[in-house]
$ cat protein.txt   # compact mmCIF, C-alpha atoms
# COMPACT_ATOMS: atom_id res chain seq x y z
CA MET G 6 -6.56 21.93 -45.33
CA CYS G 7 -4.57 23.08 -42.29
CA GLU G 8 -2.53 21.05 -39.88
CA ALA G 9 -1.25 21.85 -36.40
CA ILE G 10 2.33 22.76 -37.39
CA ALA G 11 5.12 24.80 -35.82
CA ARG G 12 5.49 27.25 -38.71
CA PRO G 13 2.71 29.78 -39.38
CA THR G 14 -0.15 28.94 -41.70
CA ILE G 15 -1.28 31.71 -44.03
CA LEU G 16 -4.94 30.80 -44.52
CA VAL G 17 -6.39 32.18 -47.74
CA LEU G 18 -10.19 31.88 -47.85
CA ARG G 19 -11.67 32.51 -51.30
CA LEU G 20 -15.36 32.70 -52.26
CA ILE G 21 -16.42 30.01 -54.73
CA PRO G 22 -16.41 31.30 -58.35
CA ASN G 23 -20.10 30.43 -58.81
CA ALA G 24 -20.92 33.16 -56.27
CA ASP G 25 -18.70 35.68 -58.06
CA PRO G 26 -20.55 36.57 -61.28
CA THR G 27 -18.15 39.42 -62.05
CA SER G 28 -15.09 37.11 -61.80
CA ALA G 29 -13.38 39.96 -59.96
CA LEU G 30 -12.14 37.72 -57.16
CA SER G 31 -10.42 35.27 -59.49
CA ASN G 32 -7.99 38.02 -60.52
CA THR G 33 -6.67 38.45 -56.98
CA SER G 34 -3.06 37.30 -56.95
CA ILE G 35 -1.85 37.91 -53.39
CA PRO G 36 -1.13 34.20 -52.66
CA ARG G 37 0.82 33.92 -55.93
CA THR G 38 2.73 37.08 -55.07
CA MET G 39 3.72 35.60 -51.70
CA ASN G 40 5.22 32.60 -53.45
CA GLN G 41 7.02 34.79 -55.98
CA LEU G 42 8.57 36.96 -53.25
CA CYS G 43 10.01 33.83 -51.67
CA ARG G 44 10.90 31.96 -54.85
CA PHE G 45 14.62 32.01 -54.03
CA ARG G 46 14.11 30.36 -50.66
CA ASP G 47 12.24 27.41 -49.28
CA ALA G 48 9.06 29.09 -48.10
CA LYS G 49 7.95 25.89 -46.40
CA ASP G 50 10.64 26.51 -43.79
CA ASN G 51 8.95 29.80 -42.91
CA PHE G 52 5.20 29.67 -43.55
CA ASP G 53 2.69 27.42 -45.21
CA ILE G 54 0.12 28.93 -47.57
CA LYS G 55 -3.23 27.12 -47.52
CA GLU G 56 -5.93 28.26 -49.92
CA VAL G 57 -9.49 27.05 -49.33
CA ILE G 58 -12.57 27.72 -51.46
CA PHE G 59 -15.76 28.27 -49.42
CA ASP G 60 -19.34 28.20 -50.71
CA ASN G 61 -21.37 28.82 -47.55
CA LYS G 62 -20.94 29.78 -43.91
CA ARG G 63 -20.50 26.16 -42.87
CA SER G 64 -17.56 25.54 -45.21
CA LEU G 65 -15.99 28.83 -44.11
CA LYS G 66 -16.23 27.77 -40.48
CA GLN G 67 -14.86 24.31 -41.30
CA ALA G 68 -11.82 25.77 -43.04
CA ILE G 69 -10.97 27.80 -39.94
CA ALA G 70 -11.81 24.98 -37.52
CA SER G 71 -9.51 22.58 -39.38
CA CYS G 72 -6.47 24.62 -38.32
CA GLY G 73 -4.79 23.89 -35.05
CA ASP G 74 -4.98 26.40 -32.22
CA ASN G 75 -2.28 29.10 -32.34
CA THR G 76 -1.08 28.08 -35.83
CA ILE G 77 -2.46 30.78 -38.14
CA GLY G 78 -0.08 33.65 -38.93
CA ALA G 79 -2.58 35.50 -41.13
CA ILE G 80 -6.03 35.07 -42.64
CA ILE G 81 -6.84 36.59 -46.02
CA ILE G 82 -10.54 36.59 -46.90
CA ILE G 83 -11.26 37.12 -50.59
CA SER G 84 -14.95 37.80 -51.11
CA HIS G 85 -17.50 40.47 -51.97
CA GLY G 86 -18.53 42.70 -49.10
CA ASN G 87 -20.18 45.82 -47.82
CA ILE G 88 -20.17 47.80 -44.59
CA ASN G 89 -22.22 45.17 -42.76
CA SER G 90 -21.33 41.77 -44.22
CA ILE G 91 -19.33 39.60 -46.60
CA THR G 92 -20.66 37.16 -49.19
CA VAL G 93 -20.17 33.52 -48.19
CA GLY G 94 -22.12 31.78 -50.98
CA ILE G 95 -24.78 32.20 -53.62
CA ARG G 96 -27.32 34.58 -52.05
CA GLN G 97 -25.67 33.98 -48.65
CA SER G 98 -23.89 36.48 -46.45
CA LEU G 99 -22.26 36.64 -43.03
CA ASP G 100 -23.22 39.67 -40.95
CA GLY G 101 -20.58 41.35 -38.85
CA SER G 102 -22.66 40.87 -35.72
CA ARG G 103 -22.22 37.09 -36.13
CA VAL G 104 -18.48 36.81 -36.71
CA ASN G 105 -18.04 35.22 -33.28
CA GLU G 106 -19.51 32.09 -34.85
CA LEU G 107 -16.29 31.65 -36.83
CA HIS G 108 -14.24 31.06 -33.63
CA ILE G 109 -11.14 32.63 -35.11
CA ALA G 110 -9.40 33.98 -31.99
CA ARG G 111 -7.93 30.77 -30.61
CA LYS G 112 -6.53 29.80 -34.02
CA LEU G 113 -4.35 32.91 -34.35
CA MET G 114 -0.70 33.17 -33.42
CA GLU G 115 0.55 36.20 -31.56
CA GLY G 116 0.89 39.04 -34.05
CA ALA G 117 -1.43 37.44 -36.62
CA GLN G 118 -3.58 39.72 -38.77
CA VAL G 119 -6.72 39.37 -40.87
CA LEU G 120 -6.85 41.00 -44.30
CA LEU G 121 -10.30 41.58 -45.80
CA MET G 122 -10.05 41.69 -49.58
CA SER G 123 -13.75 42.55 -49.60
CA CYS G 124 -15.23 45.89 -50.65
CA SER G 125 -16.24 48.51 -48.08
CA THR G 126 -15.98 46.29 -44.97
CA GLY G 127 -14.09 49.12 -43.24
CA SER G 128 -16.48 51.93 -44.13
CA THR G 129 -16.89 54.76 -41.63
CA SER G 130 -18.70 58.08 -41.57
CA ASN G 131 -16.68 61.27 -41.80
CA ARG G 132 -17.51 61.96 -38.16
CA GLU G 133 -16.21 58.52 -37.10
CA LEU G 134 -13.08 58.97 -39.18
CA LYS G 135 -12.26 62.30 -37.54
CA LYS G 136 -13.13 61.13 -34.01
CA TYR G 137 -11.53 57.68 -33.94
CA GLY G 138 -9.01 57.56 -36.78
CA ARG G 139 -5.32 57.91 -35.91
CA GLU G 140 -2.63 58.63 -38.50
CA THR G 141 1.05 59.15 -37.68
CA PRO G 142 3.48 60.62 -40.24
CA ILE G 143 4.70 57.08 -40.96
CA ASP G 144 1.11 55.86 -41.33
CA ARG G 145 0.44 58.67 -43.78
CA ARG G 146 3.35 57.55 -45.91
CA LEU G 147 2.11 53.95 -45.79
CA GLY G 148 -1.47 54.89 -46.62
CA LYS G 149 -2.77 53.63 -43.29
CA ILE G 150 -5.26 54.86 -40.66
CA SER G 151 -5.70 53.03 -37.33
CA PHE G 152 -8.84 52.65 -35.23
CA HIS G 153 -8.24 51.24 -31.75
CA ASN G 154 -11.06 50.29 -29.37
CA SER G 155 -13.58 52.24 -31.43
CA PRO G 156 -17.37 51.62 -31.33
CA ILE G 157 -17.68 51.86 -35.13
CA LYS G 158 -20.26 49.48 -36.55
CA ASN G 159 -18.84 47.88 -39.66
CA PHE G 160 -17.85 44.33 -40.54
CA ALA G 161 -14.13 44.85 -40.02
CA ASN G 162 -14.53 46.35 -36.57
CA HIS G 163 -16.97 43.64 -35.49
CA LEU G 164 -14.35 41.09 -36.54
CA ALA G 165 -11.61 42.97 -34.67
CA GLN G 166 -13.76 42.96 -31.52
CA SER G 167 -13.98 39.16 -31.76
CA ILE G 168 -10.18 38.73 -31.91
CA PRO G 169 -8.75 41.16 -29.30
CA GLY G 170 -5.05 41.80 -29.64
CA HIS G 171 -5.09 41.29 -33.41
CA VAL G 172 -5.46 43.69 -36.33
CA VAL G 173 -8.11 43.52 -39.06
CA ILE G 174 -7.14 45.33 -42.26
CA ALA G 175 -9.96 46.57 -44.50
CA THR G 176 -10.90 49.28 -46.97
CA PRO G 177 -13.58 51.96 -46.62
CA ASN G 178 -14.53 51.88 -50.31
CA ALA G 179 -14.96 49.48 -53.22
CA GLN G 180 -11.84 47.61 -54.32
CA GLN G 181 -10.83 47.47 -57.98
CA CYS G 182 -9.09 44.59 -59.74
CA GLY G 183 -5.34 44.95 -59.93
CA THR G 184 -5.03 47.59 -57.21
CA TRP G 185 -3.62 45.37 -54.44
CA SER G 186 0.11 44.96 -53.93
CA MET G 187 2.45 43.80 -51.21
CA ARG G 188 6.09 44.13 -50.29
CA LYS G 189 8.42 42.62 -47.74
CA LYS G 190 8.86 44.64 -44.58
CA SER G 191 12.64 44.44 -44.61
CA ARG G 192 15.47 42.65 -46.33
CA ASP G 193 16.14 40.66 -43.17
CA SER G 194 12.56 39.35 -43.06
CA TYR G 195 12.46 38.43 -46.76
CA CYS G 196 10.60 35.19 -46.12
CA GLY G 197 11.35 34.57 -42.47
CA THR G 198 8.88 34.79 -39.64
CA ASP G 199 8.92 35.04 -35.89
CA GLN G 200 6.37 34.80 -33.11
CA GLU G 201 5.80 38.56 -33.02
CA ASP G 202 5.58 39.00 -36.78
CA PRO G 203 4.45 35.79 -38.48
CA LEU G 204 3.76 37.49 -41.84
CA PRO G 205 6.65 39.75 -42.96
CA TYR G 206 4.69 41.71 -45.58
CA VAL G 207 3.05 45.11 -45.87
CA PHE G 208 -0.12 45.34 -47.96
CA ASN G 209 -1.01 48.31 -50.14
CA ILE G 210 -3.97 49.31 -52.28
CA ASP G 211 -4.23 52.07 -54.88
CA ASN G 212 -6.64 55.01 -54.66
CA GLN G 213 -7.64 54.64 -51.01
CA LYS G 214 -6.16 54.10 -47.57
CA LEU G 215 -6.14 50.89 -45.60
CA TYR G 216 -7.97 50.98 -42.28
CA TYR G 217 -6.51 48.99 -39.37
CA PHE G 218 -9.03 48.00 -36.68
CA SER G 219 -7.97 46.57 -33.31
CA HIS G 220 -9.20 46.06 -29.75
CA ASP G 221 -7.60 45.21 -26.41
$ encode --input "protein.txt" --output "structure tokens"
Amino acid sequence: MCEAIARPTILVLRLIPNADPTSALSNTSIPRTMNQLCRFRDAKDNFDIKEVIFDNKRSLKQAIASCGDNTIGAIIIISHGNINSITVGIRQSLDGSRVNELHIARKLMEGAQVLLMSCSTGSTSNRELKKYGRETPIDRRLGKISFHNSPIKNFANHLAQSIPGHVVIATPNAQQCGTWSMRKKSRDSYCGTDQEDPLPYVFNIDNQKLYYFSHD
């Protein structure tokens, strides 16, 4: 699993296939895409991708706990989800009100983000969207809406509350296979990282906007 290393760890946490009867999660290729984007350089000099399969809440917690403090540049959770919870095993779920049990905050580097590749974990009501959502012209072009210090009760925002100073990226609706993509932020940050931006990629999804939740 993870080691306490100087370069960022990109921790990819994937639900065990036995708990994914639709096989939808097995078609997610973000980790492979990361490697392809950096195929012309030694990615190990910049970040270290660690993919762990979890089958219950305990193994999910162990995967996170195995990483050294302040070593994770990003966490990508690939699982089924809904507004309140994510699936962590066969007939097992983790409710947003209990995300503090994962003890993620101390593992994250400055600037680290969490990406939830899990359906509907960022769902909001229309009223909440209008009251708390913020969208600049640049955000509109990127397909992004931000929610900062909001009281919205969904899994993504609960997680953001547990890791102040970090962003949790989620979707309001169901996610379809093959709709995720990613690109490098700039030519200069092709594979490189720094303390303020340990993961130099921008994520995109077709047919809906990405919601960014954060708290001070």
$ closest_residue --input "protein.txt" --among "G:Arg12, G:Lys214, G:His171, G:Lys112" --to "G:Trp185" --atoms "all atoms listed in the file"
G:Lys214
$ atom_distance --input "protein.txt" --atom1 "atom CA of G:Gln166" --atom2 "atom CA of G:Ile54"
25.4 Å
$ residues_around --input "protein.txt" --residues "G:Ile91" --least-positions-apart "5" --cutoff "10 Å" --atoms "only C-alpha atoms" --output "list in words"
Leu20, Ile82, Ile83, Ser84, His85, Gly86, Gln97, Ser98, Leu99, Asp100, Gly101, Leu121, Met122, Ser123, Cys124, Ser125, Thr126, Phe160 and Ala161 of chain G
$ closest_residue --input "protein.txt" --among "G:Pro177, G:Pro142, G:Gly127, G:Gly78" --to "G:Glu115" --atoms "all atoms listed in the file"
G:Gly78
$ closest_residue --input "protein.txt" --among "G:Gly138, G:Pro203, G:Pro169, G:Arg96" --to "G:Gly116" --atoms "all atoms listed in the file"
G:Pro203
$ atom_distance --input "protein.txt" --atom1 "atom CA of G:Thr92" --atom2 "atom CA of G:Lys189"
29.6 Å
$ atom_distance --input "protein.txt" --atom1 "atom CA of G:Asn209" --atom2 "atom CA of G:Gly73"
29.0 Å
$ closest_residue --input "protein.txt" --among "G:Val93, G:Ala70, G:Leu120, G:Ile80" --to "G:Ile21" --atoms "all atoms listed in the file"
G:Val93
$ closest_residue --input "protein.txt" --among "G:Thr14, G:Ser102, G:Ile88, G:Asn162" --to "G:Ala117" --atoms "only C-alpha atoms"
G:Thr14
$ closest_residue --input "protein.txt" --among "G:Glu133, G:Asp53, G:Asp74, G:Asp221" --to "G:Met114" --atoms "all atoms listed in the file"
G:Asp74
$ residues_around --input "protein.txt" --residues "G:Ile58" --least-positions-apart "2" --cutoff "12 Å" --atoms "all atoms listed in the file" --output "ChimeraX atom specification"
/G:6,16-24,30-31,55-56,60-69,81-84,93-94
